[in-house]
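One file, work.cif, carrying mmCIF, C-alpha atoms (C1' of nucleotides):
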```
data_input
loop_
_atom_site.label_atom_id
_atom_site.label_comp_id
_atom_site.auth_asym_id
_atom_site.auth_seq_id
_atom_site.Cartn_x
_atom_site.Cartn_y
_atom_site.Cartn_z
CA MET A 8 0.00 0.00 0.00
CA LYS A 9 2.95 2.28 0.10
CA SER A 10 1.81 4.86 -2.37
CA THR A 11 4.38 6.64 -4.48
CA ASN A 12 5.98 9.43 -2.57
CA LYS A 13 5.82 12.58 -4.52
CA PRO A 14 9.13 14.45 -4.55
CA THR A 15 9.18 18.13 -3.69
CA LYS A 16 10.74 20.66 -5.99
CA SER A 17 14.21 20.42 -4.39
CA GLU A 18 14.02 16.68 -4.21
CA LEU A 19 13.24 16.60 -7.89
CA GLU A 20 16.36 18.58 -8.66
CA ILE A 21 18.39 16.00 -6.83
CA LEU A 22 16.65 13.10 -8.50
CA SER A 23 17.36 14.75 -11.80
CA VAL A 24 21.07 14.62 -11.11
CA LEU A 25 20.90 11.02 -9.93
CA TRP A 26 18.96 9.92 -13.00
CA GLU A 27 21.53 11.54 -15.18
CA LYS A 28 24.58 10.18 -13.41
CA GLY A 29 23.22 6.84 -12.36
CA GLU A 30 24.80 7.18 -8.96
CA ALA A 31 26.58 9.90 -7.09
CA THR A 32 27.89 11.03 -3.72
CA VAL A 33 26.45 14.02 -1.94
CA ARG A 34 29.49 16.02 -3.00
CA GLU A 35 28.86 15.27 -6.66
CA VAL A 36 25.22 16.19 -6.46
CA PHE A 37 26.14 19.30 -4.55
CA GLU A 38 28.55 20.42 -7.28
CA VAL A 39 25.79 20.28 -9.87
CA ILE A 40 23.07 21.90 -7.79
CA ASN A 41 25.39 24.55 -6.48
CA SER A 42 26.49 25.56 -9.94
CA GLN A 43 22.85 25.81 -10.96
CA LYS A 44 21.51 27.83 -8.10
CA GLY A 45 23.95 28.23 -5.26
CA THR A 46 23.32 26.39 -2.04
CA SER A 47 25.32 24.98 0.81
CA TYR A 48 26.65 21.48 1.04
CA THR A 49 24.72 20.57 4.15
CA THR A 50 21.46 21.61 2.58
CA VAL A 51 21.92 19.08 -0.16
CA LEU A 52 23.09 16.51 2.34
CA LYS A 53 20.05 17.02 4.53
CA LEU A 54 17.70 16.75 1.59
CA MET A 55 19.31 13.53 0.48
CA GLN A 56 19.01 12.14 3.98
CA ILE A 57 15.33 12.99 4.02
CA MET A 58 14.88 11.40 0.62
CA HIS A 59 16.55 8.30 1.95
CA GLU A 60 14.11 8.14 4.84
CA LYS A 61 11.24 8.57 2.45
CA GLY A 62 12.52 5.86 0.17
CA LEU A 63 13.06 8.08 -2.83
CA VAL A 64 16.72 7.07 -2.99
CA GLU A 65 18.86 4.22 -1.74
CA ARG A 66 22.48 4.40 -0.74
CA ASN A 67 25.55 2.34 -0.28
CA GLU A 68 27.27 3.17 2.99
CA ASP A 69 30.38 1.08 2.51
CA ALA A 70 32.60 3.99 1.74
CA ARG A 71 32.82 6.97 3.99
CA ALA A 72 31.12 9.07 1.37
CA HIS A 73 27.82 7.27 0.79
CA VAL A 74 26.87 6.57 -2.79
CA TYR A 75 23.28 7.38 -3.71
CA ARG A 76 20.98 6.08 -6.43
CA ALA A 77 17.44 7.06 -7.31
CA LYS A 78 14.97 4.47 -6.15
CA VAL A 79 12.00 5.95 -7.96
CA LYS A 80 11.96 5.50 -11.70
CA GLN A 81 12.36 8.42 -13.99
CA ASN A 82 9.47 7.40 -16.21
CA GLU A 83 7.18 6.61 -13.29
CA THR A 84 7.78 10.04 -11.88
CA GLY A 85 7.41 11.65 -15.27
CA LYS A 86 4.19 9.80 -15.92
CA GLN A 87 2.71 11.00 -12.66
CA MET A 88 3.74 14.55 -13.22
CA LEU A 89 2.47 14.57 -16.77
CA ASN A 90 -0.82 13.13 -15.66
CA GLU A 91 -1.16 15.93 -13.20
CA VAL A 92 -0.42 18.60 -15.77
CA MET A 93 -2.74 16.90 -18.22
CA ASP A 94 -5.58 16.85 -15.71
CA LYS A 95 -5.16 20.22 -14.11
CA VAL A 96 -4.07 22.28 -17.07
CA PHE A 97 -5.17 20.51 -20.22
CA GLY A 98 -8.49 19.21 -19.00
CA GLY A 99 -7.33 15.62 -19.37
CA SER A 100 -6.48 15.89 -23.05
CA ALA A 101 -3.21 14.32 -24.18
CA LEU A 102 -3.73 15.97 -27.53
CA LYS A 103 -3.72 19.46 -26.11
CA LEU A 104 -0.72 18.66 -24.03
CA VAL A 105 1.35 17.40 -26.94
CA GLN A 106 0.20 20.33 -29.01
CA GLN A 107 1.62 22.65 -26.42
CA VAL A 108 4.92 20.83 -26.46
CA LEU A 109 5.13 21.14 -30.22
CA GLU A 110 4.35 24.81 -30.16
CA ASN A 111 7.32 25.30 -27.99
CA GLU A 112 10.10 26.93 -29.88
CA THR A 113 12.59 24.64 -28.19
CA THR A 114 11.33 21.61 -30.07
CA SER A 115 13.47 21.13 -33.15
CA ALA A 116 12.31 19.91 -36.55
CA GLU A 117 14.43 16.86 -36.07
CA GLU A 118 12.75 16.05 -32.83
CA MET A 119 9.36 16.50 -34.41
CA SER A 120 10.16 14.05 -37.13
CA GLU A 121 11.33 11.59 -34.48
CA ILE A 122 8.09 12.07 -32.65
CA ARG A 123 6.07 11.44 -35.78
CA LYS A 124 7.91 8.20 -36.43
CA MET A 125 7.22 7.13 -32.92
CA ILE A 126 3.54 7.78 -33.24
CA GLU A 127 3.28 5.86 -36.47
CA GLN A 128 5.00 3.00 -34.76
CA ALA A 129 2.59 3.18 -31.85
CA GLU A 130 -0.38 3.22 -34.19
CA ARG A 131 0.86 0.19 -36.09
CA GLU A 132 1.24 -1.68 -32.84
CA ALA A 133 -2.22 -0.70 -31.74
CA LYS A 134 -3.71 -1.93 -34.99
CA GLY A 135 -1.84 -5.20 -34.73
CA LYS A 136 -3.78 -6.10 -31.63
CA MET B 12 9.41 43.19 -14.48
CA LYS B 13 6.55 41.33 -12.98
CA SER B 14 7.43 37.83 -14.04
CA THR B 15 4.72 35.21 -14.26
CA ASN B 16 3.65 34.21 -10.83
CA LYS B 17 3.82 30.50 -10.48
CA PRO B 18 0.67 29.03 -8.93
CA THR B 19 1.02 26.63 -6.03
CA LYS B 20 -0.63 23.25 -6.11
CA SER B 21 -3.86 24.44 -4.51
CA GLU B 22 -3.94 27.52 -6.63
CA LEU B 23 -3.63 25.36 -9.69
CA GLU B 24 -6.67 23.36 -8.66
CA ILE B 25 -8.64 26.55 -8.48
CA LEU B 26 -7.32 27.83 -11.79
CA SER B 27 -8.30 24.53 -13.30
CA VAL B 28 -11.91 25.10 -12.30
CA LEU B 29 -11.86 28.66 -13.57
CA TRP B 30 -10.36 27.65 -16.91
CA GLU B 31 -13.07 25.09 -17.30
CA LYS B 32 -15.97 27.27 -16.28
CA GLY B 33 -14.73 30.56 -17.66
CA GLU B 34 -15.88 32.36 -14.56
CA ALA B 35 -17.22 31.34 -11.20
CA THR B 36 -18.01 32.49 -7.68
CA VAL B 37 -16.16 31.18 -4.69
CA ARG B 38 -19.14 29.00 -3.90
CA GLU B 39 -19.03 27.37 -7.31
CA VAL B 40 -15.33 26.71 -7.11
CA PHE B 41 -15.78 25.40 -3.61
CA GLU B 42 -18.40 22.89 -4.74
CA VAL B 43 -15.99 21.40 -7.25
CA ILE B 44 -12.93 21.33 -5.04
CA ASN B 45 -14.86 20.05 -2.08
CA SER B 46 -16.28 17.15 -4.04
CA GLN B 47 -12.79 16.30 -5.21
CA LYS B 48 -10.95 16.41 -1.95
CA GLY B 49 -12.98 17.84 0.88
CA THR B 50 -12.14 21.25 2.22
CA SER B 51 -13.89 24.10 3.91
CA TYR B 52 -15.45 27.07 2.19
CA THR B 53 -13.23 29.65 3.82
CA THR B 54 -10.11 27.83 2.74
CA VAL B 55 -11.09 28.17 -0.88
CA LEU B 56 -12.14 31.77 -0.29
CA LYS B 57 -8.84 32.65 1.30
CA LEU B 58 -6.88 31.05 -1.51
CA MET B 59 -8.85 32.95 -4.09
CA GLN B 60 -8.25 36.19 -2.21
CA ILE B 61 -4.53 35.49 -2.20
CA MET B 62 -4.63 34.67 -5.88
CA HIS B 63 -6.35 37.96 -6.47
CA GLU B 64 -3.61 39.83 -4.63
CA LYS B 65 -1.00 38.00 -6.66
CA GLY B 66 -2.76 38.79 -9.90
CA LEU B 67 -3.48 35.20 -10.85
CA VAL B 68 -7.18 35.96 -11.08
CA GLU B 69 -9.36 38.99 -11.51
CA ARG B 70 -12.80 39.51 -10.09
CA ASN B 71 -15.96 41.47 -10.52
CA GLU B 72 -17.20 42.81 -7.22
CA ASP B 73 -20.50 44.23 -8.40
CA ALA B 74 -22.58 41.47 -6.94
CA ARG B 75 -22.30 40.47 -3.36
CA ALA B 76 -20.77 37.18 -4.42
CA HIS B 77 -17.71 38.23 -6.40
CA VAL B 78 -17.23 36.60 -9.77
CA TYR B 79 -13.75 35.35 -10.52
CA ARG B 80 -11.88 34.71 -13.76
CA ALA B 81 -8.41 33.33 -14.37
CA LYS B 82 -6.01 36.06 -15.38
CA VAL B 83 -3.15 33.75 -16.30
CA LYS B 84 -3.51 31.84 -19.52
CA GLN B 85 -4.00 28.14 -19.53
CA ASN B 86 -1.42 27.54 -22.23
CA GLU B 87 1.14 29.88 -20.70
CA THR B 88 0.89 28.02 -17.44
CA GLY B 89 0.98 24.69 -19.21
CA LYS B 90 4.00 25.66 -21.21
CA GLN B 91 5.91 26.62 -18.11
CA MET B 92 5.00 23.47 -16.29
CA LEU B 93 5.84 21.27 -19.23
CA ASN B 94 9.20 22.95 -19.62
CA GLU B 95 9.92 22.20 -16.04
CA VAL B 96 8.99 18.55 -16.36
CA MET B 97 10.93 18.32 -19.59
CA ASP B 98 14.07 19.72 -17.97
CA LYS B 99 13.97 18.02 -14.64
CA VAL B 100 12.58 14.65 -15.60
CA PHE B 101 13.23 14.11 -19.28
CA GLY B 102 16.65 15.73 -19.49
CA GLY B 103 15.32 18.44 -21.77
CA SER B 104 14.06 16.06 -24.43
CA ALA B 105 10.63 16.79 -25.91
CA LEU B 106 10.84 13.44 -27.62
CA LYS B 107 11.10 11.50 -24.40
CA LEU B 108 8.31 13.53 -22.88
CA VAL B 109 5.91 12.86 -25.72
CA GLN B 110 6.93 9.23 -25.73
CA GLN B 111 5.88 8.97 -22.12
CA VAL B 112 2.52 10.55 -22.88
CA LEU B 113 1.92 8.05 -25.65
CA GLU B 114 2.83 5.10 -23.49
CA ASN B 115 0.13 6.15 -21.15
CA GLU B 116 -2.79 3.84 -21.35
CA THR B 117 -5.14 6.77 -21.13
CA THR B 118 -4.17 8.00 -24.58
CA SER B 119 -6.63 6.62 -27.10
CA ALA B 120 -5.88 5.53 -30.67
CA GLU B 121 -8.03 8.34 -31.88
CA GLU B 122 -6.06 10.86 -29.95
CA MET B 123 -2.84 9.43 -31.32
CA SER B 124 -4.00 9.81 -34.85
CA GLU B 125 -4.96 13.40 -34.09
CA ILE B 126 -1.54 13.98 -32.68
CA ARG B 127 0.13 12.54 -35.76
CA LYS B 128 -1.86 14.81 -38.02
CA MET B 129 -0.86 17.76 -35.96
CA ILE B 130 2.80 16.89 -36.20
CA GLU B 131 2.65 16.49 -39.94
CA GLN B 132 1.06 19.86 -40.12
CA ALA B 133 3.75 21.38 -37.96
CA GLU B 134 6.44 19.81 -40.11
CA ARG B 135 4.95 21.18 -43.29
CA GLU B 136 4.86 24.61 -41.79
CA ALA B 137 8.45 24.35 -40.69
CA LYS B 138 9.55 23.33 -44.19
CA GLY B 139 7.67 26.19 -45.73
CA LYS B 140 9.90 28.67 -44.01
"C1'" DA C 8 50.05 11.97 18.33
"C1'" DT C 9 48.37 16.19 16.21
"C1'" DG C 10 46.04 18.78 13.17
"C1'" DC C 11 43.63 19.24 8.80
"C1'" DT C 12 40.06 17.96 5.79
"C1'" DA C 13 35.90 15.78 4.17
"C1'" DC C 14 32.29 13.47 5.64
"C1'" DT C 15 27.56 12.27 8.27
"C1'" DA C 16 23.91 13.42 11.54
"C1'" DC C 17 20.71 16.29 13.24
"C1'" DG C 18 18.22 20.20 15.50
"C1'" DA C 19 16.04 24.14 14.80
"C1'" DA C 20 15.11 28.52 12.42
"C1'" DA C 21 13.21 30.53 8.34
"C1'" DG C 22 10.31 30.38 4.57
"C1'" DT C 23 6.19 28.92 2.23
"C1'" DT C 24 1.56 27.09 1.75
"C1'" DT C 25 -2.74 25.51 3.55
"C1'" DT C 26 -6.31 25.43 6.81
"C1'" DC C 27 -9.91 27.23 9.39
"C1'" DG C 28 -12.21 30.00 12.96
"C1'" DT C 29 -14.20 34.36 14.07
"C1'" DA C 30 -16.00 38.83 13.05
"C1'" DG C 31 -18.56 41.92 10.38
"C1'" DT C 32 -22.16 43.00 6.94
"C1'" DG C 33 -25.89 43.05 3.36
"C1'" DT C 34 -30.22 40.74 1.94
"C1'" DC C 35 -34.41 38.82 2.40
"C1'" DA C 36 -38.45 36.55 4.40
"C1'" DA C 37 -41.57 36.45 8.12
"C1'" DT D 26 -37.17 44.75 12.90
"C1'" DT D 27 -35.58 40.65 13.74
"C1'" DG D 28 -33.28 36.67 12.68
"C1'" DA D 29 -31.40 33.36 9.52
"C1'" DC D 30 -28.30 33.02 6.00
"C1'" DA D 31 -24.67 33.66 2.59
"C1'" DC D 32 -21.02 36.25 1.78
"C1'" DT D 33 -16.18 38.79 2.46
"C1'" DA D 34 -12.07 39.81 5.20
"C1'" DC D 35 -8.47 38.54 7.82
"C1'" DG D 36 -5.42 36.75 11.55
"C1'" DA D 37 -3.06 33.14 13.07
"C1'" DA D 38 -2.15 28.26 13.73
"C1'" DA D 39 -0.71 24.10 11.47
"C1'" DA D 40 1.67 21.75 8.07
"C1'" DC D 41 5.14 21.34 4.94
"C1'" DT D 42 9.73 22.50 2.84
"C1'" DT D 43 14.23 24.49 2.71
"C1'" DT D 44 18.24 26.29 4.80
"C1'" DC D 45 22.20 26.14 7.51
"C1'" DG D 46 24.99 25.92 11.71
"C1'" DT D 47 27.15 22.95 15.00
"C1'" DA D 48 28.87 18.63 16.65
"C1'" DG D 49 31.07 14.43 16.10
"C1'" DT D 50 34.25 11.27 13.61
"C1'" DA D 51 37.28 8.74 10.22
"C1'" DG D 52 41.31 9.10 7.33
"C1'" DC D 53 45.52 10.88 6.27
"C1'" DA D 54 49.76 13.65 6.04
"C1'" DT D 55 53.31 15.43 8.93
#
```

Structure re-expressed in structure tokens:
Amino acid sequence: MKSTNKPTKSELEILSVLWEKGEATVREVFEVINSQKGTSYTTVLKLMQIMHEKGLVERNEDARAHVYRAKVKQNETGKQMLNEVMDKVFGGSALKLVQQVLENETTSAEEMSEIRKMIEQAEREAKGK
Amino acid sequence: MKSTNKPTKSELEILSVLWEKGEATVREVFEVINSQKGTSYTTVLKLMQIMHEKGLVERNEDARAHVYRAKVKQNETGKQMLNEVMDKVFGGSALKLVQQVLENETTSAEEMSEIRKMIEQAEREAKGK
DNA sequence: ATGCTACTACGAAAGTTTTCGTAGTGTCAA
DNA sequence: TTGACACTACGAAAACTTTCGTAGTAGCAT
């Protein structure tokens, strides 16, 4: 029954680093976060300890500097967050949501073509069933 | 200078109702929120007052029961939130984000086909330039 | 051994968001 | 005109999140 623990904003920043690196010590995470927004080492440490308690991350304590890994999956978290945005902002419509992504200037033509291929693939699979 | 004020979670729930209804009194918003998660009338009222101060909503005070409207745009808010999810969860990749949406069981075949059409359209437009 | 450095643990303040009670007031029916 | 009711305003507590200082300790160079 342990429902998925939703990460806070700061926790998400940390998870983001862990997803990217696979695993990292507090120091390594701190370097990234600090360069992004400036914070103190113990703040990051404390957050990671809290996340450990909550089960968002796991850690290996063999070495003096513990090595952390995300315990929650990137796509699970993403799915949840997207569902929330879809519900609250786009009235439950995946279409509207994707539309908004595509209207974003940051989405390149190349990416769009990749996305189209993916959709065609998905449609073929759906038909196959 | 006044950058877009980011709504909190509760504020977003209220905006969601306002976007859907176009305009509504506190009572009307309360009915929706209360049925979704149970809360007291004055909590919703207070939140809407705060949102008014922040400029997230506007209101018409002619009638005794003020009539509220969202002042922030649905798609502006959505864009911001999606950018955040894209950065923090999908490493900045629109492709991965859309992929996740499509893998969601709640996305129907019909919606997918709509999405594909939209992408083709977008690609044609991009080529035209 | 001594001191220096990098680390964990943790308490508690500060900051933010949410909740709700109480007070005051206009409207309307009896 | 009185009382019941629906509404706004607002203060302040409660809950949650973020920040950081201080204390303690292991490892290592001198």

Please tabulate, as CSV, the residues of chain C that come within 9 Å of chain A, each with its closest pair of atoms and the distance in Å to one decimal, counting all atoms listed in the file and ordering rows by chain, then residue number upward.
```
residue,atom,partner,partner_atom,distance
C:DA13,C1',A:Ala72,CA,8.7
C:DC14,C1',A:Ala72,CA,6.2
C:DT15,C1',A:Ala72,CA,8.4
C:DA16,C1',A:Lys53,CA,8.8
C:DC17,C1',A:Lys53,CA,8.8
```

Selection file, C-alpha atoms (C1' of nucleotides), as a PDB file, keeping the file's coordinate frame:
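Below you can see selection-v9.pdb, which holds the result:
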```pdb
ATOM      1  C1'  DA C  13      35.900  15.780   4.170  1.00  0.00           C
ATOM      2  C1'  DC C  14      32.290  13.470   5.640  1.00  0.00           C
ATOM      3  C1'  DT C  15      27.560  12.270   8.270  1.00  0.00           C
ATOM      4  C1'  DA C  16      23.910  13.420  11.540  1.00  0.00           C
ATOM      5  C1'  DC C  17      20.710  16.290  13.240  1.00  0.00           C
TER       6       DC C  17
END
```

query: Mind listing as number ranges by chain which residues of chain B are within 9 Å of chain A, counting all atoms listed in the file?
result: B: 23-24, 26-28, 30-31, 85-86, 88-90, 92-94, 96-102, 104-115, 117-120, 122-131, 133-134, 137-138

What separates atom CA of A:Phe37 and atom CA of A:Val51 is a distance of 6.1 Å

| request: Return as a PyMOL selection string the residues belonging to chain D that are within 9 Å of chain B, counting only C-alpha atoms (C1' of nucleotides). | output: chain D and resi 31-35

With only C-alpha atoms (C1' of nucleotides) counted and 8 Å as the cut-off, give the residues of stretch 18-84 of chain B in contact with stretch 18-31 of chain C, each with its shortest interatomic distance in Å and the pair that gives it, as a Markdown table.
```
| residue | atom | partner | partner_atom | distance |
| --- | --- | --- | --- | --- |
| B:Thr19 | CA | C:DT24 | C1' | 7.8 |
| B:Ser51 | CA | C:DC27 | C1' | 7.5 |
| B:Thr53 | CA | C:DC27 | C1' | 6.9 |
| B:Thr54 | CA | C:DT26 | C1' | 6.1 |
```

For this structure, which residues satisfy the selection - the PyMOL selection byres ((chain D and resi 53) around 9) - when it is evaluated on the file as given? I want them as a PDB file with C-alpha atoms (C1' of nucleotides), keeping the file's coordinate frame.
```pdb
ATOM      1  C1'  DC C  11      43.630  19.240   8.800  1.00  0.00           C
ATOM      2  C1'  DT C  12      40.060  17.960   5.790  1.00  0.00           C
TER       3       DT C  12
ATOM      4  C1'  DG D  52      41.310   9.100   7.330  1.00  0.00           C
ATOM      5  C1'  DA D  54      49.760  13.650   6.040  1.00  0.00           C
TER       6       DA D  54
END
```

What separates atom CA of B:Lys48 and atom CA of B:Ile61 is a distance of 20.1 Å

- request: To one decimal in Å, tell me the separation between atom CA of B:Asn16 and atom CA of B:Ala81.
  value: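 Computed distance, atom CA of B:Asn16 to atom CA of B:Ala81, equals 12.6 Å.
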
Using the chain letters and residue numbers of this document, give as number ranges by chain the residues selected by the PyMOL selection byres ((chain D and resi 27) around 12).
C: 35-37; D: 26, 28-29

Output stretch 46-59 of chain A as an mmCIF file, in the coordinates of the input, making sure N, CA, C and O atoms are there.
```cif
data_model
loop_
_atom_site.group_PDB
_atom_site.id
_atom_site.type_symbol
_atom_site.label_atom_id
_atom_site.label_comp_id
_atom_site.auth_asym_id
_atom_site.auth_seq_id
_atom_site.Cartn_x
_atom_site.Cartn_y
_atom_site.Cartn_z
ATOM 1 N N THR A 46 23.904 26.916 -3.268
ATOM 2 C CA THR A 46 23.320 26.390 -2.040
ATOM 3 C C THR A 46 24.479 25.855 -1.205
ATOM 4 O O THR A 46 25.610 25.806 -1.683
ATOM 5 N N SER A 47 24.212 25.483 0.014
ATOM 6 C CA SER A 47 25.320 24.980 0.810
ATOM 7 C C SER A 47 25.319 23.457 0.840
ATOM 8 O O SER A 47 24.288 22.815 0.650
ATOM 9 N N TYR A 48 26.485 22.937 1.065
ATOM 10 C CA TYR A 48 26.650 21.480 1.040
ATOM 11 C C TYR A 48 25.683 20.769 1.970
ATOM 12 O O TYR A 48 25.055 19.782 1.601
ATOM 13 N N THR A 49 25.560 21.293 3.185
ATOM 14 C CA THR A 49 24.720 20.570 4.150
ATOM 15 C C THR A 49 23.243 20.610 3.786
ATOM 16 O O THR A 49 22.484 19.750 4.202
ATOM 17 N N THR A 50 22.855 21.582 3.031
ATOM 18 C CA THR A 50 21.460 21.610 2.580
ATOM 19 C C THR A 50 21.181 20.434 1.665
ATOM 20 O O THR A 50 20.187 19.718 1.825
ATOM 21 N N VAL A 51 22.091 20.212 0.752
ATOM 22 C CA VAL A 51 21.920 19.080 -0.160
ATOM 23 C C VAL A 51 21.995 17.775 0.615
ATOM 24 O O VAL A 51 21.188 16.862 0.414
ATOM 25 N N LEU A 52 22.946 17.711 1.514
ATOM 26 C CA LEU A 52 23.090 16.510 2.340
ATOM 27 C C LEU A 52 21.798 16.201 3.083
ATOM 28 O O LEU A 52 21.278 15.085 3.038
ATOM 29 N N LYS A 53 21.274 17.214 3.753
ATOM 30 C CA LYS A 53 20.050 17.020 4.530
ATOM 31 C C LYS A 53 18.898 16.532 3.645
ATOM 32 O O LYS A 53 18.174 15.606 3.998
ATOM 33 N N LEU A 54 18.761 17.154 2.503
ATOM 34 C CA LEU A 54 17.700 16.750 1.590
ATOM 35 C C LEU A 54 17.854 15.292 1.191
ATOM 36 O O LEU A 54 16.895 14.524 1.170
ATOM 37 N N MET A 55 19.083 14.909 0.900
ATOM 38 C CA MET A 55 19.310 13.530 0.480
ATOM 39 C C MET A 55 19.052 12.550 1.618
ATOM 40 O O MET A 55 18.580 11.432 1.398
ATOM 41 N N GLN A 56 19.331 12.988 2.828
ATOM 42 C CA GLN A 56 19.010 12.140 3.980
ATOM 43 C C GLN A 56 17.502 11.967 4.119
ATOM 44 O O GLN A 56 17.001 10.871 4.364
ATOM 45 N N ILE A 57 16.795 13.057 3.942
ATOM 46 C CA ILE A 57 15.330 12.990 4.020
ATOM 47 C C ILE A 57 14.789 12.082 2.918
ATOM 48 O O ILE A 57 13.914 11.247 3.150
ATOM 49 N N MET A 58 15.335 12.234 1.733
ATOM 50 C CA MET A 58 14.880 11.400 0.620
ATOM 51 C C MET A 58 15.159 9.925 0.893
ATOM 52 O O MET A 58 14.402 9.054 0.467
ATOM 53 N N HIS A 59 16.235 9.673 1.588
ATOM 54 C CA HIS A 59 16.550 8.300 1.950
ATOM 55 C C HIS A 59 15.497 7.750 2.904
ATOM 56 O O HIS A 59 14.988 6.640 2.731
#
```
